[in-house]
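Chemist: Sharing data.txt (compact mmCIF, C-alpha atoms and all ligand atoms) below.
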```txt
# COMPACT_ATOMS: atom_id res chain seq x y z
CA MET A 1 0.00 0.00 0.00
CA ASN A 2 1.51 3.33 -1.06
CA THR A 3 0.66 5.29 2.05
CA THR A 4 2.51 8.42 0.92
CA ALA A 5 0.36 8.66 -2.20
CA PHE A 6 -2.79 8.01 -0.16
CA LYS A 7 -1.87 10.76 2.30
CA SER A 8 -1.27 13.27 -0.44
CA ILE A 9 -4.63 12.50 -2.14
CA LEU A 10 -6.41 12.85 1.21
CA SER A 11 -4.67 16.10 2.09
CA VAL A 12 -6.05 17.65 -1.12
CA LEU A 13 -9.55 16.11 -0.91
CA LEU A 14 -9.99 17.16 2.72
CA ALA A 15 -8.32 20.59 2.46
CA GLU A 16 -9.69 23.45 4.58
CA GLY A 17 -12.64 25.21 3.01
CA LYS A 18 -13.04 22.66 0.22
CA GLY A 19 -15.19 19.65 -0.54
CA VAL A 20 -16.10 17.16 -3.23
CA LEU A 21 -18.55 17.73 -6.06
CA ALA A 22 -20.46 14.58 -6.98
CA MET A 23 -21.15 14.73 -10.74
CA ASP A 24 -21.36 10.99 -11.22
CA GLU A 25 -25.06 10.63 -11.93
CA SER A 26 -25.59 7.46 -13.92
CA THR A 27 -26.96 7.90 -17.45
CA PRO A 28 -30.57 7.06 -16.39
CA THR A 29 -30.41 9.46 -13.41
CA CYS A 30 -28.85 12.24 -15.48
CA ASN A 31 -31.49 11.73 -18.19
CA LYS A 32 -34.26 11.86 -15.58
CA ARG A 33 -32.95 15.21 -14.27
CA PHE A 34 -32.59 16.55 -17.83
CA ALA A 35 -36.17 15.48 -18.65
CA GLN A 36 -37.51 17.70 -15.81
CA TYR A 37 -36.21 20.76 -17.71
CA GLY A 38 -36.96 19.55 -21.22
CA ILE A 39 -33.25 19.02 -21.99
CA ALA A 40 -32.47 16.50 -24.74
CA GLN A 41 -31.17 13.24 -23.27
CA ASN A 42 -28.12 12.06 -25.19
CA GLU A 43 -24.37 11.62 -24.82
CA GLU A 44 -23.58 15.08 -26.22
CA THR A 45 -25.93 16.98 -23.87
CA ARG A 46 -24.55 15.06 -20.91
CA ARG A 47 -21.01 15.92 -22.08
CA SER A 48 -21.90 19.60 -22.56
CA TYR A 49 -23.40 19.77 -19.09
CA ARG A 50 -20.30 18.24 -17.50
CA ASP A 51 -18.19 20.68 -19.53
CA LEU A 52 -20.27 23.58 -18.16
CA ILE A 53 -19.60 22.36 -14.60
CA LEU A 54 -15.87 21.82 -15.03
CA THR A 55 -15.22 25.12 -16.83
CA THR A 56 -16.95 27.17 -14.13
CA PRO A 57 -14.51 29.99 -13.34
CA GLY A 58 -13.04 29.71 -9.85
CA LEU A 59 -14.54 26.25 -9.17
CA ASN A 60 -11.23 25.11 -7.66
CA GLU A 61 -11.46 27.74 -4.90
CA PHE A 62 -14.09 25.52 -3.25
CA ILE A 63 -13.93 22.09 -4.86
CA SER A 64 -11.05 19.69 -4.15
CA GLY A 65 -12.36 16.58 -5.90
CA VAL A 66 -14.98 15.58 -8.46
CA ILE A 67 -16.65 12.20 -8.82
CA LEU A 68 -17.22 11.18 -12.44
CA CYS A 69 -19.17 8.32 -13.97
CA ASP A 70 -17.87 5.83 -16.54
CA GLU A 71 -19.15 7.89 -19.49
CA THR A 72 -17.59 11.19 -18.38
CA ILE A 73 -14.14 9.84 -17.47
CA ARG A 74 -13.70 8.81 -21.12
CA GLN A 75 -15.00 12.06 -22.65
CA PHE A 76 -13.37 15.25 -23.91
CA ALA A 77 -14.01 18.85 -22.89
CA THR A 78 -15.18 21.31 -25.55
CA ASN A 79 -11.63 22.71 -25.76
CA GLY A 80 -10.33 19.29 -26.89
CA GLN A 81 -8.64 18.23 -23.63
CA THR A 82 -9.76 15.06 -21.90
CA PHE A 83 -11.94 15.85 -18.91
CA ILE A 84 -9.28 14.18 -16.75
CA SER A 85 -6.55 16.55 -17.91
CA LEU A 86 -8.86 19.56 -17.52
CA ILE A 87 -9.60 18.49 -13.93
CA ASN A 88 -5.94 17.84 -13.11
CA GLY A 89 -5.01 21.22 -14.55
CA LEU A 90 -7.35 22.86 -12.04
CA GLY A 91 -5.64 21.10 -9.13
CA ILE A 92 -8.82 19.12 -8.54
CA ILE A 93 -8.61 15.36 -7.96
CA PRO A 94 -10.66 13.14 -10.26
CA GLY A 95 -12.56 10.19 -8.81
CA ILE A 96 -14.92 7.59 -10.24
CA LYS A 97 -18.18 5.94 -9.25
CA VAL A 98 -17.62 2.20 -9.64
CA ASP A 99 -20.81 0.57 -8.43
CA MET A 100 -23.38 -0.69 -10.95
CA GLY A 101 -26.45 0.55 -9.13
CA ALA A 102 -28.84 -0.76 -6.49
CA LYS A 103 -31.08 -3.71 -7.39
CA ASP A 104 -33.94 -5.39 -5.50
CA ILE A 105 -32.83 -8.09 -3.04
CA VAL A 106 -34.65 -11.35 -3.61
CA GLY A 107 -36.78 -12.19 -0.58
CA HIS A 108 -36.48 -8.69 0.90
CA PRO A 109 -39.35 -6.57 -0.39
CA GLY A 110 -38.50 -2.87 -0.51
CA GLU A 111 -34.76 -3.40 0.04
CA LYS A 112 -31.79 -3.10 -2.31
CA ILE A 113 -28.28 -4.43 -2.78
CA THR A 114 -25.70 -2.55 -4.81
CA GLU A 115 -24.13 -4.60 -7.60
CA GLY A 116 -20.74 -4.38 -9.29
CA LEU A 117 -18.24 -6.62 -7.47
CA ASP A 118 -17.81 -9.03 -10.41
CA GLY A 119 -14.75 -7.97 -12.37
CA LEU A 120 -14.27 -4.95 -10.11
CA GLN A 121 -10.54 -5.41 -9.64
CA GLY A 122 -9.92 -5.15 -13.39
CA ARG A 123 -12.19 -2.11 -13.72
CA LEU A 124 -10.39 -0.38 -10.84
CA TYR A 125 -7.04 -0.89 -12.58
CA ASP A 126 -8.49 0.59 -15.77
CA TYR A 127 -9.88 3.62 -13.94
CA ALA A 128 -6.55 4.17 -12.18
CA GLN A 129 -4.86 4.06 -15.62
CA LEU A 130 -7.36 6.64 -16.90
CA GLY A 131 -6.35 8.95 -14.03
CA ALA A 132 -8.85 8.35 -11.21
CA ARG A 133 -7.33 8.72 -7.74
CA PHE A 134 -10.33 7.75 -5.66
CA ALA A 135 -13.54 5.76 -6.09
CA LYS A 136 -17.09 5.75 -4.79
CA TRP A 137 -19.61 2.99 -4.07
CA ARG A 138 -23.09 3.78 -2.80
CA ALA A 139 -25.28 1.39 -0.82
CA VAL A 140 -28.91 2.33 -0.20
CA ILE A 141 -30.80 1.63 3.02
CA THR A 142 -34.52 2.40 3.11
CA ILE A 143 -36.46 3.01 6.34
CA GLY A 144 -40.04 1.72 6.32
CA GLU A 145 -42.46 -0.75 7.84
CA GLY A 146 -40.25 -3.59 9.13
CA ILE A 147 -37.18 -2.40 7.19
CA PRO A 148 -34.26 -2.20 7.06
CA THR A 149 -33.71 -5.85 7.93
CA ARG A 150 -30.48 -7.14 9.40
CA GLY A 151 -29.96 -9.17 6.21
CA CYS A 152 -30.06 -6.05 4.05
CA ILE A 153 -27.68 -4.09 6.26
CA GLN A 154 -25.23 -6.97 6.48
CA VAL A 155 -25.06 -7.76 2.77
CA ASN A 156 -24.57 -4.09 1.85
CA ALA A 157 -21.92 -3.60 4.54
CA HIS A 158 -20.03 -6.69 3.39
CA THR A 159 -20.15 -5.52 -0.23
CA LEU A 160 -18.89 -2.05 0.71
CA ALA A 161 -16.00 -3.63 2.61
CA ARG A 162 -14.99 -5.87 -0.31
CA TYR A 163 -15.09 -2.87 -2.66
CA ALA A 164 -13.02 -0.76 -0.24
CA SER A 165 -10.33 -3.38 0.19
CA LEU A 166 -9.97 -3.79 -3.60
CA CYS A 167 -9.64 0.00 -3.98
CA GLN A 168 -6.83 0.23 -1.45
CA GLN A 169 -5.08 -2.68 -3.16
CA VAL A 170 -4.96 -0.83 -6.50
CA GLY A 171 -4.07 2.56 -4.99
CA LEU A 172 -7.47 4.25 -5.05
CA ILE A 173 -8.90 5.93 -1.94
CA PRO A 174 -12.33 4.37 -1.34
CA ILE A 175 -15.27 6.58 -0.57
CA VAL A 176 -17.59 4.28 1.36
CA GLU A 177 -21.20 5.44 1.07
CA PRO A 178 -23.94 3.68 3.03
CA GLU A 179 -26.86 6.06 2.45
CA VAL A 180 -29.84 5.85 4.77
CA LEU A 181 -32.52 7.47 2.62
CA MET A 182 -34.59 10.40 3.90
CA ASP A 183 -37.72 9.22 2.01
CA GLY A 184 -40.66 8.46 4.32
CA GLU A 185 -42.43 9.54 7.46
CA HIS A 186 -39.96 8.20 10.03
CA SER A 187 -38.72 10.34 12.92
CA LEU A 188 -35.23 11.70 13.51
CA ASP A 189 -34.86 9.16 16.34
CA ARG A 190 -35.59 6.30 13.96
CA CYS A 191 -33.01 7.65 11.49
CA PHE A 192 -30.50 7.85 14.36
CA GLU A 193 -31.17 4.23 15.32
CA VAL A 194 -30.84 2.94 11.74
CA THR A 195 -27.78 5.07 10.87
CA GLN A 196 -26.08 3.89 14.05
CA GLU A 197 -26.70 0.24 13.25
CA VAL A 198 -25.62 0.68 9.64
CA LEU A 199 -22.37 2.44 10.55
CA HIS A 200 -21.51 -0.10 13.27
CA THR A 201 -22.04 -2.91 10.77
CA VAL A 202 -20.11 -1.18 7.99
CA PHE A 203 -17.06 -0.46 10.17
CA ASN A 204 -17.15 -3.99 11.55
CA GLN A 205 -17.09 -5.36 8.00
CA LEU A 206 -14.37 -2.92 6.92
CA TYR A 207 -12.30 -4.20 9.84
CA GLU A 208 -12.98 -7.84 8.90
CA GLN A 209 -11.84 -7.17 5.32
CA LYS A 210 -8.65 -5.45 6.59
CA VAL A 211 -9.47 -2.03 5.18
CA ALA A 212 -7.12 0.64 6.57
CA PHE A 213 -9.43 3.23 8.14
CA GLU A 214 -6.70 5.86 7.72
CA TYR A 215 -7.00 5.75 3.93
CA MET A 216 -10.71 5.99 3.25
CA ILE A 217 -13.48 8.57 3.40
CA LEU A 218 -16.93 7.85 4.79
CA LYS A 219 -19.74 9.38 2.73
CA ALA A 220 -22.71 9.58 5.05
CA ASN A 221 -26.24 10.85 5.38
CA MET A 222 -27.08 13.38 8.05
CA VAL A 223 -29.35 12.12 10.83
CA LEU A 224 -32.67 13.63 9.71
CA PRO A 225 -36.40 13.12 10.11
CA GLY A 226 -38.02 11.59 7.02
CA ILE A 227 -39.02 14.09 4.37
CA ASN A 228 -42.73 13.41 5.10
CA CYS A 229 -42.41 13.40 8.90
CA LEU A 230 -44.58 16.10 10.48
CA GLN A 231 -41.96 16.97 13.08
CA GLN A 232 -38.94 18.58 11.41
CA GLU A 233 -36.17 19.28 13.94
CA SER A 234 -34.11 22.49 13.91
CA VAL A 235 -30.69 22.85 12.27
CA ASN A 236 -29.01 22.59 15.68
CA GLU A 237 -30.95 19.46 16.67
CA VAL A 238 -29.98 17.76 13.40
CA ALA A 239 -26.35 18.78 13.93
CA GLU A 240 -26.31 17.40 17.46
CA ALA A 241 -27.98 14.09 16.51
CA THR A 242 -25.64 13.57 13.57
CA ILE A 243 -22.46 14.26 15.49
CA SER A 244 -23.45 12.11 18.46
CA CYS A 245 -24.29 9.24 16.09
CA PHE A 246 -20.89 9.53 14.38
CA LEU A 247 -18.99 9.83 17.68
CA ARG A 248 -20.46 6.45 18.65
CA THR A 249 -19.76 4.69 15.38
CA VAL A 250 -16.99 6.20 13.20
CA PRO A 251 -13.43 5.33 14.31
CA ALA A 252 -11.16 8.30 15.01
CA ALA A 253 -8.63 6.88 12.52
CA VAL A 254 -10.97 7.78 9.63
CA PRO A 255 -9.62 11.09 8.28
CA GLY A 256 -12.83 12.50 6.84
CA ILE A 257 -16.58 12.26 6.56
CA ALA A 258 -18.20 13.84 3.51
CA PHE A 259 -21.96 14.29 3.46
CA LEU A 260 -24.30 13.45 0.62
CA SER A 261 -27.18 15.91 0.33
CA GLY A 262 -29.85 13.25 -0.28
CA GLY A 263 -32.52 15.64 -1.56
CA GLN A 264 -32.19 18.36 1.09
CA PRO A 265 -32.49 21.90 -0.27
CA GLY A 266 -29.03 23.39 -0.84
CA ASP A 267 -29.35 26.13 1.78
CA LEU A 268 -30.50 23.71 4.48
CA ALA A 269 -27.74 21.21 3.70
CA ALA A 270 -25.19 24.05 4.00
CA ALA A 271 -26.73 25.39 7.23
CA ARG A 272 -26.67 21.93 8.86
CA LEU A 273 -23.07 21.19 7.83
CA SER A 274 -22.00 24.61 9.03
CA ALA A 275 -23.67 24.14 12.43
CA MET A 276 -21.80 20.87 12.90
CA ASN A 277 -18.47 22.43 12.00
CA MET A 278 -19.09 25.48 14.17
CA LYS A 279 -20.38 23.77 17.32
CA TYR A 280 -18.43 20.52 17.37
CA LYS A 281 -15.15 21.49 15.72
CA PHE A 282 -13.07 20.65 18.78
CA LYS A 283 -14.96 17.47 19.59
CA MET A 284 -14.58 15.78 16.21
CA PRO A 285 -11.56 13.61 15.38
CA TRP A 286 -12.36 13.72 11.63
CA VAL A 287 -12.73 16.44 9.00
CA LEU A 288 -16.40 17.05 8.20
CA THR A 289 -17.02 18.16 4.63
CA PHE A 290 -19.43 17.80 1.71
CA SER A 291 -19.73 15.56 -1.32
CA PHE A 292 -22.98 16.96 -2.68
CA SER A 293 -24.54 16.47 -6.07
CA ARG A 294 -28.05 18.00 -6.03
CA ALA A 295 -27.30 20.55 -3.27
CA ILE A 296 -24.62 22.08 -5.53
CA GLN A 297 -25.85 21.39 -9.05
CA GLN A 298 -29.61 21.78 -8.95
CA PRO A 299 -29.95 25.58 -9.49
CA ALA A 300 -27.34 25.51 -12.27
CA LEU A 301 -29.16 22.76 -14.14
CA ALA A 302 -32.48 24.62 -13.80
CA LEU A 303 -30.90 27.77 -15.30
CA TRP A 304 -29.01 26.05 -18.10
CA LYS A 305 -31.93 24.12 -19.60
CA GLY A 306 -29.63 22.90 -22.36
CA TYR A 307 -29.12 26.35 -24.02
CA PRO A 308 -25.58 27.64 -24.69
CA GLU A 309 -26.70 31.23 -23.99
CA ASN A 310 -27.52 30.22 -20.39
CA ILE A 311 -24.10 28.76 -19.59
CA LEU A 312 -22.71 31.83 -17.81
CA GLU A 313 -25.75 32.22 -15.53
CA ALA A 314 -25.68 28.50 -14.74
CA GLN A 315 -21.97 28.71 -13.90
CA LYS A 316 -22.63 31.64 -11.57
CA ALA A 317 -25.23 29.53 -9.76
CA LEU A 318 -22.76 26.66 -9.48
CA TYR A 319 -20.05 28.99 -8.18
CA HIS A 320 -22.50 30.47 -5.67
CA ARG A 321 -23.61 27.09 -4.25
CA SER A 322 -20.01 25.87 -4.10
CA ARG A 323 -19.06 29.03 -2.18
CA CYS A 324 -21.91 28.44 0.31
CA CYS A 325 -20.78 24.82 0.82
CA SER A 326 -17.19 25.94 1.31
CA ALA A 327 -18.33 28.37 4.01
CA ALA A 328 -20.26 25.50 5.65
CA ARG A 329 -17.12 23.35 5.59
CA LEU A 330 -15.48 26.11 7.65
CA GLY A 331 -18.48 26.55 9.98
CA GLU A 332 -18.94 30.07 8.58
CA TYR A 333 -22.11 29.76 6.49
CA SER A 334 -24.96 32.17 7.21
CA ALA A 335 -28.25 32.80 5.41
CA SER A 336 -26.94 36.24 4.33
CA LEU A 337 -24.38 34.48 2.14
CA GLU A 338 -27.28 33.25 0.00
CA HIS A 339 -27.84 36.86 -1.14
CA ASP A 340 -24.20 37.61 -1.89
CA TYR A 341 -24.04 37.67 -5.67
CA THR A 342 -20.56 39.06 -6.07
CA PHE A 343 -18.52 37.13 -8.57
CA PRO A 344 -14.82 37.29 -9.38
CA LEU A 345 -13.65 39.25 -12.43
CA ILE A 346 -13.11 36.01 -14.33
CA PHE A 347 -16.87 35.83 -14.81
CA GLN A 348 -16.89 38.94 -16.96
CA SER A 349 -16.86 37.59 -20.48
P1 LIG A 401 -26.78 13.97 -3.53
O1 LIG A 401 -25.92 15.01 -2.86
O2 LIG A 401 -27.64 14.51 -4.60
O3 LIG A 401 -27.50 13.11 -2.53
O4 LIG A 401 -25.80 12.97 -4.28
C1 LIG A 401 -24.65 12.57 -3.64
C2 LIG A 401 -24.21 11.30 -4.20
O5 LIG A 401 -23.14 11.19 -4.75
C3 LIG A 401 -25.06 10.12 -4.07
O6 LIG A 401 -24.31 8.98 -4.33
```
Can the structure from this file be put into structure tokens for me?

Modeler:
Amino acid sequence: MNTTAFKSILSVLLAEGKGVLAMDESTPTCNKRFAQYGIAQNEETRRSYRDLILTTPGLNEFISGVILCDETIRQFATNGQTFISLINGLGIIPGIKVDMGAKDIVGHPGEKITEGLDGLQGRLYDYAQLGARFAKWRAVITIGEGIPTRGCIQVNAHTLARYASLCQQVGLIPIVEPEVLMDGEHSLDRCFEVTQEVLHTVFNQLYEQKVAFEYMILKANMVLPGINCLQQESVNEVAEATISCFLRTVPAAVPGIAFLSGGQPGDLAAARLSAMNMKYKFKMPWVLTFSFSRAIQQPALALWKGYPENILEAQKALYHRSRCCSAARLGEYSASLEHDYTFPLIFQS
């Protein structure tokens, strides 16, 4: 294991004031988001959209890493460079989503297992050759009537651990993502209970598979009430529940935890992350940052709508959300930042 290389990747990914931009939506997910805005769904529109994101002026002030999908890592930017060389030129670290999506588990109605272990070692070598320095695998845990079951949690945790050990073997930092979904009517307490069990099981399996905690990143959900729960706790209550859950379950050797946004509005996701970093900074043994997709990209996509004349406005929106997330990473986000529409000179075309 090349620990020096791992440390240098981590020091960039977890740098002060920066976080990871997830832009690894699978083709079906990307198409679904495009369809909402009437954007044509084909390889070229997906390429153009990723080009818009990666050519946003000043993106690297706030973003330390980007997660790509299999299609994007092989594509070229509009200026003729590969996306990988464009990203490297910005001092941003490229990563790759390597799972093959969540499928129904036979005998477990309403529960899913993420596929993609077959042939994974070979694919990881190929991605490392293409320039990826880290990888991501997402497992999905749903809260509902009688679920999640122990069987679902165990099989997903075991799969995450096998993926993570293969990543470390080929020199990629694994991002380990067991996402407890916020869909449903469950309470914050129920989310706490499930997240705690999931994280205990995942770290137990990571240990069993000899994954070095020092060279991984946990990508986690915040501890939240379900989106349809009538009682929605305050920002500070969510921050407290999330941190106390992590303090019980995430080993101190893990260098960083990066949140997914999971469908939270961008401003709320930033406010909650900021509260955690402000109030618990000296209690946490790990860096707490973001690895958002929707909470950074959504306004930009809504402005772009597939039209070249909207690119600049969309990039401003992307810059703005990235700046808010960066402030949250530092524990310095406030609602007033949402109204700060000053942009660097590089935006003046
Ligand atoms: P969201 O921030 O939109 O939840 O996406 C993060 C992600 O990468 C899910 O795997």

Chemist: What is the distance, in Å and to one decimal place, between atom CA of A:Ile175 and atom CA of A:Trp137?

Modeler: 6.6 Å

Chemist: Around ligand LIG 401 (chain A), out to 8 Å and counting all atoms listed in the file, which residues are there? I want them as a ChimeraX atom specification.

Modeler: /A:22-25,67,136-138,177,179,259-264,291-296

Chemist: Got a sec: who's within 9 Å of stretch 226-237 of chain A, counting only C-alpha atoms, leaving out chain neighbours fewer than 4 positions off, as a PyMOL selection string?

Modeler: chain A and resi 143+181-188+191+241-242+263-264+268+271-273+275-276+279

Chemist: Using all atoms listed in the file, which residue out of A:Thr56, A:Ser48, A:Ser322, A:Asn221 lies closest to A:Leu337?

Modeler: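 Among A:Thr56, A:Ser48, A:Ser322, A:Asn221, it is A:Ser322 that comes nearest to A:Leu337.
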
Chemist: Mind dumping a table of every stretch 149-196 of chain A residue within 12 Å of stretch 110-129 of chain A, with the nearest atom pair and its distance in Å to one decimal, using only C-alpha atoms, sorted by chain and rising number, as a Markdown table?

Modeler:
```
| residue | atom | partner | partner_atom | distance |
| --- | --- | --- | --- | --- |
| A:Thr149 | CA | A:Glu111 | CA | 8.3 |
| A:Arg150 | CA | A:Glu111 | CA | 11.0 |
| A:Gly151 | CA | A:Glu111 | CA | 9.7 |
| A:Cys152 | CA | A:Glu111 | CA | 6.7 |
| A:Ile153 | CA | A:Ile113 | CA | 9.1 |
| A:Gln154 | CA | A:Ile113 | CA | 10.1 |
| A:Val155 | CA | A:Ile113 | CA | 7.2 |
| A:Asn156 | CA | A:Ile113 | CA | 5.9 |
| A:Ala157 | CA | A:Ile113 | CA | 9.7 |
| A:His158 | CA | A:Ile113 | CA | 10.5 |
| A:Thr159 | CA | A:Leu117 | CA | 7.6 |
| A:Leu160 | CA | A:Thr114 | CA | 8.8 |
| A:Ala161 | CA | A:Leu117 | CA | 10.8 |
| A:Arg162 | CA | A:Leu117 | CA | 7.9 |
| A:Tyr163 | CA | A:Leu117 | CA | 6.9 |
| A:Ala164 | CA | A:Leu117 | CA | 10.7 |
| A:Ser165 | CA | A:Gln121 | CA | 10.0 |
| A:Leu166 | CA | A:Gln121 | CA | 6.3 |
| A:Cys167 | CA | A:Leu124 | CA | 6.9 |
| A:Gln168 | CA | A:Leu124 | CA | 10.1 |
| A:Gln169 | CA | A:Gln121 | CA | 8.9 |
| A:Val170 | CA | A:Tyr125 | CA | 6.4 |
| A:Gly171 | CA | A:Ala128 | CA | 7.8 |
| A:Leu172 | CA | A:Ala128 | CA | 7.2 |
| A:Ile173 | CA | A:Ala128 | CA | 10.7 |
| A:Pro174 | CA | A:Leu124 | CA | 10.8 |
| A:Glu177 | CA | A:Thr114 | CA | 10.9 |
| A:Pro178 | CA | A:Thr114 | CA | 10.2 |
| A:Glu179 | CA | A:Thr114 | CA | 11.3 |
| A:Val180 | CA | A:Glu111 | CA | 11.5 |
| A:Leu181 | CA | A:Glu111 | CA | 11.4 |
```

Chemist: Let me know the centre plus edge lengths, in Å and rounded to one decimal, of a box with edges along x, y and z that contains all listed atoms of stretch 188-196 of chain A and is padded by 5 Å on every side, as AutoDock Vina command-line options.

Modeler:
```
--center_x -30.8 --center_y 7.3 --center_z 13.6 --size_x 19.5 --size_y 18.8 --size_z 15.5
```

Chemist: What is the atom CA of A:Val202 to atom CA of A:Phe6 distance in Å?

Modeler: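 Atom-to-atom, atom CA of A:Val202 to atom CA of A:Phe6, that is 21.2 Å.
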
Chemist: Between atom CA of A:Gly17 and atom CA of A:Ala302, what is the spacing in Å?

Modeler: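 Interatomic distance here is 26.0 Å.
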
Chemist: Find the residues near A:Ile217: any atom within 10 Å, counting all atoms listed in the file, skip ones fewer than 6 places away on the same chain, and give them as a list in words.

Modeler: Leu10, Leu13, Leu14, Phe134, Ala135, Lys136, Ile173, Pro174, Ile175, Val176, Glu177, Val254, Pro255, Gly256, Ile257, Ala258, Trp286 and Val287 of chain A

Chemist: When you count only C-alpha atoms, which of these residues is closest to A:Asn31: A:Asp99, A:Glu309, A:Glu332, A:Glu44?

Modeler: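 Of A:Asp99, A:Glu309, A:Glu332, A:Glu44, the one nearest A:Asn31, counting only C-alpha atoms, is A:Glu44.
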
Chemist: Give as a ChimeraX atom specification every residue, naming chains and numbers as the document does, that has an atom within 10 Å of (-32.2, 15.8, -24.4), counting only C-alpha atoms.

Modeler: /A:31-32,34-35,37-46,305-306

Chemist: Which is closest to A:Phe213 among A:Thr3, A:Asp267, A:Thr142, A:Asp51, if we use all atoms listed in the file?

Modeler: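 Of A:Thr3, A:Asp267, A:Thr142, A:Asp51, the one nearest A:Phe213, counting all atoms listed in the file, is A:Thr3.
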
Chemist: From (-30.3, 7.5, 15.2), in the file's coordinates, out to 9 Å: which residues are reached, counting only C-alpha atoms? Answer as a ChimeraX atom specification.

Modeler: /A:188-197,223-224,241-242,244-245

Chemist: Which residue, A:Leu52, A:Ala77, A:Ala132, A:Leu288, has the smallest gap to A:Asn310 when you use all atoms listed in the file?

Modeler: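 Ranked by minimum distance to A:Asn310, first place goes to A:Leu52.
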